[in-house]
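Data from target-v5.pdb: PDB, C-alpha atoms, pLDDT in the B column
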ATOM      1  CA  MET A 855    -192.238  82.835 -67.459  1.00 81.00           C
ATOM      2  CA  TYR A 856    -195.317  80.880 -68.429  1.00 89.00           C
ATOM      3  CA  GLY A 857    -198.600  81.388 -66.639  1.00 91.00           C
ATOM      4  CA  LEU A 858    -202.090  80.082 -66.141  1.00 93.00           C
ATOM      5  CA  ALA A 859    -205.157  82.270 -66.477  1.00 94.00           C
ATOM      6  CA  CYS A 860    -208.908  82.048 -66.082  1.00 95.00           C
ATOM      7  CA  ALA A 861    -211.952  84.264 -65.713  1.00 95.00           C
ATOM      8  CA  PRO A 862    -211.507  86.100 -62.397  1.00 96.00           C
ATOM      9  CA  ASP A 863    -215.186  85.837 -61.472  1.00 96.00           C
ATOM     10  CA  ASN A 864    -215.663  82.129 -62.230  1.00 96.00           C
ATOM     11  CA  ALA A 865    -215.243  80.213 -58.959  1.00 96.00           C
ATOM     12  CA  ALA A 866    -215.010  76.812 -60.678  1.00 96.00           C
ATOM     13  CA  ALA A 867    -212.288  78.066 -63.037  1.00 96.00           C
ATOM     14  CA  VAL A 868    -210.349  79.654 -60.164  1.00 96.00           C
ATOM     15  CA  ASP A 869    -210.596  76.417 -58.151  1.00 95.00           C
ATOM     16  CA  ARG A 870    -209.373  74.491 -61.172  1.00 95.00           C
ATOM     17  CA  LEU A 871    -206.399  76.831 -61.684  1.00 95.00           C
ATOM     18  CA  TYR A 872    -205.421  76.554 -58.018  1.00 95.00           C
ATOM     19  CA  GLY A 873    -205.870  72.778 -58.180  1.00 94.00           C
ATOM     20  CA  LEU A 874    -203.615  72.461 -61.240  1.00 93.00           C
ATOM     21  CA  LYS A 875    -200.878  74.307 -59.390  1.00 91.00           C
ATOM     22  CA  GLY A 876    -201.434  72.729 -56.002  1.00 92.00           C
ATOM     23  CA  ARG A 877    -201.661  76.292 -54.705  1.00 91.00           C
ATOM     24  CA  PRO A 878    -203.378  76.982 -51.374  1.00 91.00           C
ATOM     25  CA  ALA A 879    -206.665  78.833 -51.867  1.00 85.00           C
ATOM     26  CA  THR A 880    -205.579  81.344 -49.232  1.00 90.00           C
ATOM     27  CA  ARG A 881    -202.802  82.716 -51.472  1.00 93.00           C
ATOM     28  CA  PRO A 882    -203.919  85.653 -53.582  1.00 95.00           C
ATOM     29  CA  ALA A 883    -203.390  85.830 -57.335  1.00 95.00           C
ATOM     30  CA  ALA A 884    -203.057  88.811 -59.628  1.00 96.00           C
ATOM     31  CA  VAL A 885    -205.643  90.108 -62.055  1.00 98.00           C
ATOM     32  CA  MET A 886    -204.065  90.595 -65.450  1.00 97.00           C
ATOM     33  CA  PHE A 887    -205.097  92.814 -68.318  1.00 96.00           C
ATOM     34  CA  PHE A 888    -203.419  92.790 -71.713  1.00 94.00           C
ATOM     35  CA  ASP A 889    -204.010  96.494 -72.301  1.00 92.00           C
ATOM     36  CA  LEU A 890    -203.249  99.284 -69.827  1.00 94.00           C
ATOM     37  CA  ALA A 891    -206.132 101.494 -70.987  1.00 93.00           C
ATOM     38  CA  ALA A 892    -208.558  98.609 -70.410  1.00 93.00           C
ATOM     39  CA  ALA A 893    -207.142  98.043 -66.917  1.00 95.00           C
ATOM     40  CA  LEU A 894    -207.457 101.706 -65.975  1.00 96.00           C
ATOM     41  CA  ALA A 895    -210.994 101.870 -67.390  1.00 95.00           C
ATOM     42  CA  GLU A 896    -211.973  98.812 -65.322  1.00 94.00           C
ATOM     43  CA  LEU A 897    -210.564 100.402 -62.157  1.00 96.00           C
ATOM     44  CA  PRO A 898    -211.991 103.949 -62.093  1.00 97.00           C
ATOM     45  CA  GLU A 899    -211.551 104.163 -58.309  1.00 97.00           C
ATOM     46  CA  LEU A 900    -207.756 104.358 -58.623  1.00 97.00           C
ATOM     47  CA  GLN A 901    -206.393 107.649 -57.326  1.00 97.00           C
ATOM     48  CA  PRO A 902    -204.286 109.929 -59.586  1.00 96.00           C
ATOM     49  CA  ALA A 903    -201.002 108.845 -57.960  1.00 96.00           C
ATOM     50  CA  GLU A 904    -201.909 105.175 -58.470  1.00 97.00           C
ATOM     51  CA  ARG A 905    -202.864 105.801 -62.100  1.00 97.00           C
ATOM     52  CA  ALA A 906    -199.605 107.666 -62.691  1.00 96.00           C
ATOM     53  CA  ALA A 907    -197.607 104.802 -61.158  1.00 97.00           C
ATOM     54  CA  ALA A 908    -199.442 102.259 -63.323  1.00 97.00           C
ATOM     55  CA  ALA A 909    -198.768 104.354 -66.426  1.00 96.00           C
ATOM     56  CA  ALA A 910    -195.071 104.636 -65.506  1.00 96.00           C
ATOM     57  CA  LEU A 911    -194.553 100.913 -64.859  1.00 97.00           C
ATOM     58  CA  LEU A 912    -197.026  99.084 -67.083  1.00 97.00           C
ATOM     59  CA  PRO A 913    -197.053  97.253 -69.362  1.00 96.00           C
ATOM     60  CA  GLY A 914    -194.033  95.538 -67.918  1.00 95.00           C
ATOM     61  CA  PRO A 915    -192.666  92.860 -65.586  1.00 94.00           C
ATOM     62  CA  VAL A 916    -194.382  94.291 -62.509  1.00 97.00           C
ATOM     63  CA  THR A 917    -197.260  93.305 -60.239  1.00 97.00           C
ATOM     64  CA  LEU A 918    -198.793  96.268 -58.430  1.00 98.00           C
ATOM     65  CA  LEU A 919    -200.521  95.753 -55.092  1.00 98.00           C
ATOM     66  CA  LEU A 920    -203.233  98.411 -54.997  1.00 98.00           C
ATOM     67  CA  PRO A 921    -205.986  99.408 -52.606  1.00 98.00           C
ATOM     68  CA  ASN A 922    -209.112  97.500 -53.606  1.00 98.00           C
ATOM     69  CA  ARG A 923    -211.545 100.182 -52.477  1.00 97.00           C
ATOM     70  CA  THR A 924    -214.558  98.602 -54.158  1.00 97.00           C
ATOM     71  CA  ARG A 925    -213.457  95.022 -53.432  1.00 97.00           C
ATOM     72  CA  ARG A 926    -213.339  93.987 -57.082  1.00 96.00           C
ATOM     73  CA  PHE A 927    -212.270  90.489 -58.104  1.00 97.00           C
ATOM     74  CA  PRO A 928    -212.693  88.860 -54.675  1.00 97.00           C
ATOM     75  CA  LEU A 929    -211.648  85.412 -55.948  1.00 96.00           C
ATOM     76  CA  ALA A 930    -208.192  86.820 -56.740  1.00 96.00           C
ATOM     77  CA  CYS A 931    -207.738  88.562 -53.410  1.00 96.00           C
ATOM     78  CA  GLY A 932    -207.585  85.574 -51.104  1.00 93.00           C
ATOM     79  CA  PRO A 933    -207.967  86.531 -47.457  1.00 95.00           C
ATOM     80  CA  ASP A 934    -207.340  90.263 -48.119  1.00 96.00           C
ATOM     81  CA  PRO A 935    -210.239  91.689 -50.149  1.00 97.00           C
ATOM     82  CA  ASP A 936    -208.853  95.208 -49.618  1.00 98.00           C
ATOM     83  CA  THR A 937    -205.775  94.501 -51.790  1.00 98.00           C
ATOM     84  CA  LEU A 938    -205.752  93.852 -55.539  1.00 98.00           C
ATOM     85  CA  GLY A 939    -202.735  92.566 -57.451  1.00 98.00           C
ATOM     86  CA  LEU A 940    -202.640  94.097 -60.951  1.00 98.00           C
ATOM     87  CA  ARG A 941    -200.538  92.899 -63.904  1.00 97.00           C
ATOM     88  CA  VAL A 942    -200.296  94.252 -67.430  1.00 96.00           C
ATOM     89  CA  PRO A 943    -197.456  92.358 -69.110  1.00 94.00           C
ATOM     90  CA  ALA A 944    -195.419  93.586 -72.037  1.00 92.00           C
ATOM     91  CA  LEU A 945    -196.325  91.074 -74.727  1.00 89.00           C
ATOM     92  CA  THR A 946    -193.687  89.340 -76.796  1.00 84.00           C
ATOM     93  CA  PRO A 947    -194.312  89.134 -80.560  1.00 86.00           C
ATOM     94  CA  ASN A 948    -195.439  85.494 -80.135  1.00 82.00           C
ATOM     95  CA  LEU A 949    -198.147  86.623 -77.695  1.00 83.00           C
ATOM     96  CA  ALA A 950    -199.121  89.928 -79.340  1.00 85.00           C
ATOM     97  CA  ALA A 951    -202.570  88.566 -80.255  1.00 84.00           C
ATOM     98  CA  LEU A 952    -203.451  88.682 -76.539  1.00 86.00           C
ATOM     99  CA  ALA A 953    -203.562  92.484 -76.818  1.00 86.00           C
ATOM    100  CA  GLY A 954    -207.040  92.030 -78.279  1.00 83.00           C
ATOM    101  CA  ALA A 955    -208.313  90.532 -75.019  1.00 84.00           C
ATOM    102  CA  ARG A 956    -209.999  93.456 -73.278  1.00 74.00           C
ATOM    103  CA  GLY A 957    -211.271  91.697 -70.185  1.00 89.00           C
ATOM    104  CA  PRO A 958    -209.300  90.707 -67.117  1.00 96.00           C
ATOM    105  CA  ALA A 959    -207.888  87.291 -66.261  1.00 96.00           C
ATOM    106  CA  LEU A 960    -206.900  85.878 -62.907  1.00 96.00           C
ATOM    107  CA  GLN A 961    -203.342  84.681 -63.400  1.00 94.00           C
ATOM    108  CA  SER A 962    -200.590  82.771 -61.699  1.00 92.00           C
ATOM    109  CA  SER A 963    -197.365  81.183 -62.872  1.00 90.00           C
ATOM    110  CA  ALA A 964    -197.719  77.826 -64.638  1.00 91.00           C
ATOM    111  CA  ASN A 965    -195.388  75.971 -62.309  1.00 88.00           C
ATOM    112  CA  PRO A 966    -196.688  73.726 -59.552  1.00 87.00           C
ATOM    113  CA  SER A 967    -196.730  75.715 -56.300  1.00 85.00           C
ATOM    114  CA  GLY A 968    -193.136  76.053 -55.112  1.00 84.00           C
ATOM    115  CA  GLY A 969    -191.732  74.469 -58.279  1.00 86.00           C
ATOM    116  CA  PRO A 970    -189.301  75.950 -60.801  1.00 87.00           C
ATOM    117  CA  GLU A 971    -190.519  78.621 -63.198  1.00 88.00           C
ATOM    118  CA  ALA A 972    -191.191  77.531 -66.780  1.00 90.00           C
ATOM    119  CA  ARG A 973    -189.265  79.470 -69.434  1.00 90.00           C
ATOM    120  CA  ARG A 974    -190.569  77.420 -72.374  1.00 92.00           C
ATOM    121  CA  LEU A 975    -193.883  75.701 -72.988  1.00 93.00           C
ATOM    122  CA  GLU A 976    -192.188  72.307 -72.824  1.00 94.00           C
ATOM    123  CA  ASP A 977    -190.893  73.240 -69.331  1.00 93.00           C
ATOM    124  CA  VAL A 978    -194.465  73.484 -67.998  1.00 93.00           C
ATOM    125  CA  ASP A 979    -195.265  70.411 -65.918  1.00 92.00           C
ATOM    126  CA  PRO A 980    -197.059  67.894 -68.212  1.00 93.00           C
ATOM    127  CA  ALA A 981    -199.920  67.518 -65.704  1.00 92.00           C
ATOM    128  CA  VAL A 982    -200.445  71.288 -65.668  1.00 92.00           C
ATOM    129  CA  ARG A 983    -200.369  71.451 -69.487  1.00 92.00           C
ATOM    130  CA  ALA A 984    -202.787  68.529 -69.744  1.00 93.00           C
ATOM    131  CA  GLY A 985    -205.224  70.258 -67.390  1.00 92.00           C
ATOM    132  CA  ALA A 986    -205.266  73.522 -69.344  1.00 92.00           C
ATOM    133  CA  ASP A 987    -207.932  74.173 -71.968  1.00 92.00           C
ATOM    134  CA  LEU A 988    -205.522  76.098 -74.189  1.00 89.00           C
ATOM    135  CA  ALA A 989    -201.732  76.353 -74.344  1.00 89.00           C
ATOM    136  CA  LEU A 990    -200.056  79.270 -76.104  1.00 87.00           C
ATOM    137  CA  ASP A 991    -196.412  78.919 -77.053  1.00 88.00           C
ATOM    138  CA  GLY A 992    -194.757  82.250 -76.362  1.00 87.00           C
ATOM    139  CA  GLY A 993    -191.288  80.975 -77.218  1.00 87.00           C
ATOM    140  CA  GLU A 994    -188.539  81.233 -74.628  1.00 89.00           C
ATOM    141  CA  LEU A 995    -189.422  83.727 -71.917  1.00 84.00           C
ATOM    142  CA  PRO A 996    -187.381  85.130 -69.044  1.00 78.00           C
ATOM    143  CA  GLY A 997    -187.694  82.766 -66.095  1.00 71.00           C
ATOM    144  CA  VAL A 998    -187.936  85.554 -63.559  1.00 83.00           C
ATOM    145  CA  ALA A 999    -191.040  86.295 -61.503  1.00 86.00           C
ATOM    146  CA  SER A1000    -192.405  89.825 -61.735  1.00 92.00           C
ATOM    147  CA  THR A1001    -191.255  92.628 -59.495  1.00 96.00           C
ATOM    148  CA  VAL A1002    -193.953  93.136 -56.845  1.00 97.00           C
ATOM    149  CA  LEU A1003    -194.638  96.658 -55.566  1.00 97.00           C
ATOM    150  CA  ASP A1004    -196.968  97.554 -52.737  1.00 98.00           C
ATOM    151  CA  LEU A1005    -198.630 100.849 -53.688  1.00 98.00           C
ATOM    152  CA  ARG A1006    -201.416 100.750 -51.108  1.00 98.00           C
ATOM    153  CA  ARG A1007    -200.050 103.830 -49.318  1.00 97.00           C
ATOM    154  CA  LEU A1008    -199.022 105.757 -52.428  1.00 96.00           C
ATOM    155  CA  ALA A1009    -202.141 107.954 -52.608  1.00 95.00           C
ATOM    156  CA  GLY A1010    -201.931 108.671 -48.871  1.00 95.00           C
ATOM    157  CA  ASP A1011    -198.348 109.432 -47.924  1.00 94.00           C
ATOM    158  CA  GLY A1012    -196.599 108.846 -51.270  1.00 93.00           C
ATOM    159  CA  SER A1013    -194.749 105.749 -50.103  1.00 94.00           C
ATOM    160  CA  TRP A1014    -194.319 102.412 -51.808  1.00 96.00           C
ATOM    161  CA  THR A1015    -192.615  99.183 -50.807  1.00 96.00           C
ATOM    162  CA  LEU A1016    -190.636  96.717 -52.896  1.00 96.00           C
ATOM    163  CA  VAL A1017    -192.105  93.337 -51.900  1.00 97.00           C
ATOM    164  CA  ARG A1018    -190.180  91.171 -54.391  1.00 95.00           C
ATOM    165  CA  GLU A1019    -187.390  92.227 -56.685  1.00 94.00           C
ATOM    166  CA  GLY A1020    -187.698  90.778 -60.146  1.00 93.00           C
ATOM    167  CA  PRO A1021    -186.708  92.133 -63.555  1.00 93.00           C
ATOM    168  CA  LEU A1022    -187.004  95.730 -62.285  1.00 94.00           C
ATOM    169  CA  ASP A1023    -184.745  96.499 -59.362  1.00 93.00           C
ATOM    170  CA  ARG A1024    -185.402  99.120 -56.705  1.00 93.00           C
ATOM    171  CA  ALA A1025    -183.438 101.817 -58.530  1.00 94.00           C
ATOM    172  CA  ALA A1026    -185.392 101.275 -61.767  1.00 94.00           C
ATOM    173  CA  VAL A1027    -188.699 101.425 -59.885  1.00 95.00           C
ATOM    174  CA  ALA A1028    -187.678 104.581 -58.017  1.00 93.00           C
ATOM    175  CA  SER A1029    -186.601 106.172 -61.283  1.00 93.00           C
ATOM    176  CA  ALA A1030    -189.866 105.275 -63.017  1.00 93.00           C
ATOM    177  CA  LEU A1031    -191.946 106.570 -60.121  1.00 92.00           C
ATOM    178  CA  GLY A1032    -189.751 109.579 -59.460  1.00 87.00           C
ATOM    179  CA  ILE A1033    -190.035 108.972 -55.705  1.00 71.00           C
ATOM    180  CA  GLY A1034    -188.335 106.876 -53.048  1.00 62.00           C
ATOM    181  CA  GLY A1035    -189.827 103.917 -51.264  1.00 61.00           C
ATOM    182  CA  ARG A1036    -188.984 101.240 -48.747  1.00 59.00           C
ATOM    183  CA  ALA A1037    -187.145  98.017 -49.391  1.00 51.00           C
TER     184      ALA A1037
END
Could the structure of this file be written out as structure tokens, please?
Amino acid sequence: MYGLACAPDNAAAVDRLYGLKGRPATRPAAVMFFDLAAALAELPELQPAERAAAAALLPGPVTLLLPNRTRRFPLACGPDPDTLGLRVPALTPNLAALAGARGPALQSSANPSGGPEARRLEDVDPAVRAGADLALDGGELPGVASTVLDLRRLAGDGSWTLVREGPLDRAAVASALGIGGRA
């Protein structure tokens, strides 16, 4: 699905993104990298189990909820600065140029809050498109929100929780991680 992104440390840009979507400022957003190595380099505090999980699942259609031990990217965390949502998408050929972007981006879907997901650029609400500085046409994309996994306890007791099932179901996640979890 199509998304919106901005610099994760620019309060005005984050406010603008949330305003375009009509999203409450209390809802967290994910921080997205376009390269897994860059994400792992930016987050040296991740524990070995968390790094292994990221390597097993990313890039892909997954958002990982991780312990935010150093409280990075507070504008993305909403009311919970101890949790960081991390995305590293698998890029389609139309969006492959984004792999050159080494820094992070705060991201959210491009639909108005609560609205239908956009599978094509022309499906993005015209007001949202008009408010964006740049629109990239990635062609037709799956209209399914990412699978969301809570890995905040992974380094402690080895557990994980499936928060939202998306393109990867519970069995695929368990297989990739090699361990069980909670629904």
Ground truth for the PyMOL selection byres ((chain A and resi 885) around 7), written as a VMD selection string = chain A and resid 883 to 884 886 to 887 930 939 to 941 958 to 961
Region 1012-1024 of chain A surroundings by all atoms listed in the file, 7 Å radius, close-in-sequence under 2 positions cut, as a PDB file with C-alpha atoms, in the coordinates of the input:
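As written to disk, result.pdb reads:
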ATOM      1  CA  PRO A 915    -192.666  92.860 -65.586  1.00 94.00           C
ATOM      2  CA  VAL A 998    -187.936  85.554 -63.559  1.00 83.00           C
ATOM      3  CA  ALA A 999    -191.040  86.295 -61.503  1.00 86.00           C
ATOM      4  CA  SER A1000    -192.405  89.825 -61.735  1.00 92.00           C
ATOM      5  CA  THR A1001    -191.255  92.628 -59.495  1.00 96.00           C
ATOM      6  CA  VAL A1002    -193.953  93.136 -56.845  1.00 97.00           C
ATOM      7  CA  LEU A1003    -194.638  96.658 -55.566  1.00 97.00           C
ATOM      8  CA  ASP A1004    -196.968  97.554 -52.737  1.00 98.00           C
ATOM      9  CA  LEU A1005    -198.630 100.849 -53.688  1.00 98.00           C
ATOM     10  CA  ARG A1007    -200.050 103.830 -49.318  1.00 97.00           C
ATOM     11  CA  LEU A1008    -199.022 105.757 -52.428  1.00 96.00           C
ATOM     12  CA  ALA A1009    -202.141 107.954 -52.608  1.00 95.00           C
ATOM     13  CA  GLY A1010    -201.931 108.671 -48.871  1.00 95.00           C
ATOM     14  CA  ALA A1026    -185.392 101.275 -61.767  1.00 94.00           C
ATOM     15  CA  VAL A1027    -188.699 101.425 -59.885  1.00 95.00           C
ATOM     16  CA  ALA A1028    -187.678 104.581 -58.017  1.00 93.00           C
ATOM     17  CA  GLY A1035    -189.827 103.917 -51.264  1.00 61.00           C
ATOM     18  CA  ARG A1036    -188.984 101.240 -48.747  1.00 59.00           C
ATOM     19  CA  ALA A1037    -187.145  98.017 -49.391  1.00 51.00           C
TER      20      ALA A1037
END
Neighbour list for Ala906 (chain A) as a list of chain:residue names, cut-off 10 Å, all atoms listed in the file, skip fewer than 6 positions in-chain =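 Skipping anything fewer than 6 positions along the chain leaves A:Leu900, A:Leu912, A:Leu1031.
Nearest to Ala964 (chain A) of all the residues A:Leu952, A:Ile1033, A:Leu890, A:Ala989 is A:Ala989, counting all atoms listed in the file.
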How many Å separate CA of Leu945 (chain A) from CA of Gly992 (chain A)?
->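 Value for the CA of Leu945 (chain A)-CA of Gly992 (chain A) distance: 9.1 Å.
Going from CA of Gly985 (chain A) to CA of Arg926 (chain A) covers 27.1 Å.
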Write out as a list in words which residues come within 9 Å of Arg1006 (chain A) when counting all atoms listed in the file, dropping same-chain ones fewer than 6 positions away.
-> Glu904, Leu918, Leu919, Leu920, Pro921, Asn922, Thr937, Ser1013, Trp1014 and Thr1015 of chain A
Written selection (C-alpha atoms) as a PDB file, keeping the file's coordinate frame:
ATOM      1  CA  GLU A 904    -201.909 105.175 -58.470  1.00 97.00           C
ATOM      2  CA  LEU A 918    -198.793  96.268 -58.430  1.00 98.00           C
ATOM      3  CA  LEU A 919    -200.521  95.753 -55.092  1.00 98.00           C
ATOM      4  CA  LEU A 920    -203.233  98.411 -54.997  1.00 98.00           C
ATOM      5  CA  PRO A 921    -205.986  99.408 -52.606  1.00 98.00           C
ATOM      6  CA  ASN A 922    -209.112  97.500 -53.606  1.00 98.00           C
ATOM      7  CA  THR A 937    -205.775  94.501 -51.790  1.00 98.00           C
ATOM      8  CA  SER A1013    -194.749 105.749 -50.103  1.00 94.00           C
ATOM      9  CA  TRP A1014    -194.319 102.412 -51.808  1.00 96.00           C
ATOM     10  CA  THR A1015    -192.615  99.183 -50.807  1.00 96.00           C
TER      11      THR A1015
END
Near Arg877 (chain A), counting only C-alpha atoms, which residues have an atom at most 8 Å away, once you skip same-chain residues fewer than 4 positions from it, shown as a PyMOL selection string?
-> chain A and resi 872-873+881+966-967
Can you give me, as a list in words, the residues this file yields under the PyMOL selection byres ((chain A and resi 993) around 7)?
->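 Answer for the PyMOL selection byres ((chain A and resi 993) around 7): Asn948, Arg974, Asp991, Gly992, Glu994 and Leu995 of chain A.
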Can you list what the PyMOL selection byres ((chain A and resi 869) around 12) grabs from this structure, as a list of chain:residue names?
->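 Taken over the shown coordinates, the PyMOL selection byres ((chain A and resi 869) around 12) returns A:Ala859, A:Cys860, A:Ala861, A:Pro862, A:Asp863, A:Asn864, A:Ala865, A:Ala866, A:Ala867, A:Val868, A:Arg870, A:Leu871, A:Tyr872, A:Gly873, A:Leu874, A:Lys875, A:Gly876, A:Arg877, A:Pro878, A:Ala879, A:Thr880, A:Ala883, A:Leu929, A:Ala930, A:Gly932, A:Leu960.
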Take the residues from that selection and put them in a file with C-alpha atoms, as a short mmCIF file (atom, residue, chain, number, x, y, z; two decimals), in the coordinates of the input.
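Output file out_16.cif follows:
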data_model
loop_
_atom_site.label_atom_id
_atom_site.label_comp_id
_atom_site.auth_asym_id
_atom_site.auth_seq_id
_atom_site.Cartn_x
_atom_site.Cartn_y
_atom_site.Cartn_z
CA ALA A 859 -205.16 82.27 -66.48
CA CYS A 860 -208.91 82.05 -66.08
CA ALA A 861 -211.95 84.26 -65.71
CA PRO A 862 -211.51 86.10 -62.40
CA ASP A 863 -215.19 85.84 -61.47
CA ASN A 864 -215.66 82.13 -62.23
CA ALA A 865 -215.24 80.21 -58.96
CA ALA A 866 -215.01 76.81 -60.68
CA ALA A 867 -212.29 78.07 -63.04
CA VAL A 868 -210.35 79.65 -60.16
CA ARG A 870 -209.37 74.49 -61.17
CA LEU A 871 -206.40 76.83 -61.68
CA TYR A 872 -205.42 76.55 -58.02
CA GLY A 873 -205.87 72.78 -58.18
CA LEU A 874 -203.62 72.46 -61.24
CA LYS A 875 -200.88 74.31 -59.39
CA GLY A 876 -201.43 72.73 -56.00
CA ARG A 877 -201.66 76.29 -54.70
CA PRO A 878 -203.38 76.98 -51.37
CA ALA A 879 -206.66 78.83 -51.87
CA THR A 880 -205.58 81.34 -49.23
CA ALA A 883 -203.39 85.83 -57.34
CA LEU A 929 -211.65 85.41 -55.95
CA ALA A 930 -208.19 86.82 -56.74
CA GLY A 932 -207.58 85.57 -51.10
CA LEU A 960 -206.90 85.88 -62.91
#
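What separates CA of Val978 (chain A) from CA of Ala908 (chain A) is a distance of 29.6 Å.
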Selected residue, from A:Leu911, A:Val942, A:Met855, A:Ala953, that lies nearest to Arg973 (chain A) when counting all atoms listed in the file =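 Of all the options, A:Met855 lies closest to Arg973 (chain A).
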